[in-house]
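K.L.:
Sending over query_33.pdb (PDB, C-alpha atoms, pLDDT in the B column).
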```pdb
ATOM      1  CA  MET A   1       5.293 -47.881  37.870  1.00 42.00           C
ATOM      2  CA  SER A   2       8.406 -49.781  38.855  1.00 63.00           C
ATOM      3  CA  GLY A   3       7.144 -53.333  38.378  1.00 81.00           C
ATOM      4  CA  VAL A   4       9.156 -56.194  39.818  1.00 92.00           C
ATOM      5  CA  THR A   5      12.565 -55.294  38.344  1.00 91.00           C
ATOM      6  CA  GLY A   6      15.095 -54.925  41.158  1.00 94.00           C
ATOM      7  CA  ILE A   7      13.032 -56.738  43.787  1.00 97.00           C
ATOM      8  CA  LYS A   8      15.102 -59.212  45.781  1.00 96.00           C
ATOM      9  CA  GLU A   9      14.486 -61.949  48.333  1.00 96.00           C
ATOM     10  CA  HIS A  10      13.812 -60.791  51.930  1.00 96.00           C
ATOM     11  CA  MET A  11      12.819 -57.238  50.980  1.00 97.00           C
ATOM     12  CA  GLU A  12       9.943 -55.849  53.028  1.00 96.00           C
ATOM     13  CA  VAL A  13       6.718 -55.086  51.161  1.00 95.00           C
ATOM     14  CA  ILE A  14       4.838 -52.086  52.552  1.00 96.00           C
ATOM     15  CA  GLY A  15       1.621 -50.382  51.571  1.00 95.00           C
ATOM     16  CA  ALA A  16       1.396 -46.759  50.435  1.00 96.00           C
ATOM     17  CA  ASP A  17       0.533 -46.006  54.074  1.00 95.00           C
ATOM     18  CA  GLY A  18       3.844 -47.501  55.287  1.00 95.00           C
ATOM     19  CA  VAL A  19       2.192 -50.554  56.891  1.00 94.00           C
ATOM     20  CA  HIS A  20       3.925 -53.959  56.561  1.00 94.00           C
ATOM     21  CA  VAL A  21       2.251 -56.234  53.983  1.00 92.00           C
ATOM     22  CA  GLY A  22       4.801 -59.042  53.820  1.00 92.00           C
ATOM     23  CA  THR A  23       8.337 -60.172  53.043  1.00 94.00           C
ATOM     24  CA  VAL A  24       9.496 -61.160  49.558  1.00 95.00           C
ATOM     25  CA  ASP A  25      10.141 -64.875  49.135  1.00 94.00           C
ATOM     26  CA  LYS A  26      10.878 -64.466  45.416  1.00 95.00           C
ATOM     27  CA  VAL A  27       9.580 -62.975  42.193  1.00 96.00           C
ATOM     28  CA  GLU A  28       7.647 -65.289  39.878  1.00 93.00           C
ATOM     29  CA  GLY A  29       6.865 -63.749  36.525  1.00 93.00           C
ATOM     30  CA  ASN A  30       5.254 -60.382  37.246  1.00 93.00           C
ATOM     31  CA  ARG A  31       4.214 -61.291  40.788  1.00 92.00           C
ATOM     32  CA  ILE A  32       5.854 -61.013  44.182  1.00 93.00           C
ATOM     33  CA  LYS A  33       5.603 -64.230  46.192  1.00 91.00           C
ATOM     34  CA  LEU A  34       5.460 -63.496  49.927  1.00 91.00           C
ATOM     35  CA  THR A  35       6.982 -65.733  52.575  1.00 89.00           C
ATOM     36  CA  LYS A  36       4.678 -68.168  54.363  1.00 80.00           C
ATOM     37  CA  LYS A  37       5.265 -66.432  57.702  1.00 77.00           C
ATOM     38  CA  ASP A  38       3.280 -63.460  56.333  1.00 65.00           C
ATOM     39  CA  SER A  39       0.385 -65.620  55.199  1.00 57.00           C
ATOM     40  CA  GLY A  40      -2.014 -64.935  58.053  1.00 53.00           C
ATOM     41  CA  GLU A  41      -4.041 -67.326  60.176  1.00 48.00           C
ATOM     42  CA  GLY A  42      -6.809 -69.839  59.717  1.00 43.00           C
ATOM     43  CA  HIS A  43      -7.244 -71.305  56.245  1.00 45.00           C
ATOM     44  CA  HIS A  44      -4.660 -68.824  54.910  1.00 52.00           C
ATOM     45  CA  LYS A  45      -1.915 -70.078  57.222  1.00 55.00           C
ATOM     46  CA  GLY A  46       0.848 -72.024  55.513  1.00 59.00           C
ATOM     47  CA  HIS A  47       0.067 -70.808  51.997  1.00 70.00           C
ATOM     48  CA  HIS A  48       2.121 -68.388  49.952  1.00 77.00           C
ATOM     49  CA  HIS A  49       0.444 -65.190  48.849  1.00 85.00           C
ATOM     50  CA  PHE A  50       1.222 -63.107  45.795  1.00 89.00           C
ATOM     51  CA  ILE A  51       1.144 -59.393  44.993  1.00 91.00           C
ATOM     52  CA  GLU A  52       0.780 -58.326  41.363  1.00 91.00           C
ATOM     53  CA  GLY A  53       3.763 -56.362  40.054  1.00 93.00           C
ATOM     54  CA  GLY A  54       1.405 -53.643  38.847  1.00 93.00           C
ATOM     55  CA  LEU A  55       0.857 -52.609  42.471  1.00 95.00           C
ATOM     56  CA  VAL A  56       4.546 -51.721  42.958  1.00 96.00           C
ATOM     57  CA  ALA A  57       4.954 -47.952  43.157  1.00 96.00           C
ATOM     58  CA  GLU A  58       8.689 -47.847  43.893  1.00 96.00           C
ATOM     59  CA  ILE A  59      11.613 -49.606  45.504  1.00 96.00           C
ATOM     60  CA  GLU A  60      13.210 -47.700  48.394  1.00 92.00           C
ATOM     61  CA  GLY A  61      16.407 -49.376  49.564  1.00 95.00           C
ATOM     62  CA  ASP A  62      15.308 -52.733  51.005  1.00 96.00           C
ATOM     63  CA  LYS A  63      11.592 -51.897  50.879  1.00 97.00           C
ATOM     64  CA  VAL A  64       9.029 -52.384  48.129  1.00 97.00           C
ATOM     65  CA  ARG A  65       6.349 -49.691  48.372  1.00 97.00           C
ATOM     66  CA  LEU A  66       2.972 -50.451  46.856  1.00 96.00           C
ATOM     67  CA  SER A  67       0.584 -47.965  45.268  1.00 96.00           C
ATOM     68  CA  ALA A  68      -2.258 -49.230  47.504  1.00 94.00           C
ATOM     69  CA  ASN A  69      -2.602 -49.019  51.276  1.00 93.00           C
ATOM     70  CA  ALA A  70      -1.743 -52.244  53.123  1.00 90.00           C
ATOM     71  CA  ALA A  71      -5.371 -53.085  53.962  1.00 86.00           C
ATOM     72  CA  VAL A  72      -6.326 -52.839  50.277  1.00 87.00           C
ATOM     73  CA  ALA A  73      -3.220 -54.674  49.002  1.00 84.00           C
ATOM     74  CA  VAL A  74      -3.911 -57.622  51.315  1.00 77.00           C
ATOM     75  CA  THR A  75      -7.371 -58.052  49.783  1.00 73.00           C
ATOM     76  CA  MET A  76      -5.739 -58.263  46.329  1.00 72.00           C
ATOM     77  CA  GLU A  77      -3.330 -61.070  47.291  1.00 69.00           C
ATOM     78  CA  GLU A  78      -3.656 -64.302  45.358  1.00 63.00           C
ATOM     79  CA  GLU A  79      -3.182 -67.690  46.970  1.00 63.00           C
ATOM     80  CA  LYS A  80      -1.485 -70.598  45.303  1.00 54.00           C
TER      81      LYS A  80
END
```
Transcribe the structure of this file into structure tokens.
P.N.:
Amino acid sequence: MSGVTGIKEHMEVIGADGVHVGTVDKVEGNRIKLTKKDSGEGHHKGHHHFIEGGLVAEIEGDKVRLSANAAVAVTMEEEK
């Protein structure tokens, strides 16, 4: 597992299936904070979401690839 080392602002986060999950706002501890524009609609809109660093499979150029498919990774996001 790669963890969050080397992850930078504005990198695209994609699932293992290549589907867009979000865009990195910044790294906080061992979590990736996604930009608000990727936060969804309804009661999720306007909140930041987080992806645990343990889900990072690898970093490929300007993309962070997760070990879970996008649909699964989105259900693991944490709101703050």
K.L.:
When the PyMOL selection byres ((chain A and resi 57-72) around 9) is applied to the file above, which residues end up in the set, as a ChimeraX atom specification?
P.N.:
/A:1-3,6-8,10-21,24,54-56,73-76
K.L.:
If you measure from atom CA of A:Val4 to atom CA of A:Lys37, what distance in Å do you get, rounded to one decimal?
P.N.:
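Computing the Euclidean distance for atom CA of A:Val4 and atom CA of A:Lys37 yields 21.0 Å.
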K.L.:
Interatomic distance between atom CA of A:Lys33 and atom CA of A:Gly53?
P.N.:
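Interatomic distance, atom CA of A:Lys33 to atom CA of A:Gly53: 10.1 Å.
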K.L.:
Determine, counting all atoms listed in the file, every residue of protein, DNA or RNA that lies within 7 Å of (3.1, -59.4, 47.7) in the file coordinates, then give the result as a list of chain:residue names.
P.N.:
A:Val13, A:Gly22, A:Val24, A:Ile32, A:Lys33, A:Leu34, A:His49, A:Phe50, A:Ile51, A:Glu52, A:Glu77
K.L.:
Output as JSON the centre and edge lengths (Å, one decimal) of the box along x, y and z of the file that holds every listed atom of stretch 25-36 of chain A after adding 4 Å on each side.
P.N.:
```
{"center_x": 7.5, "center_y": -64.3, "center_z": 45.4, "size_x": 14.7, "size_y": 15.8, "size_z": 25.8}
```
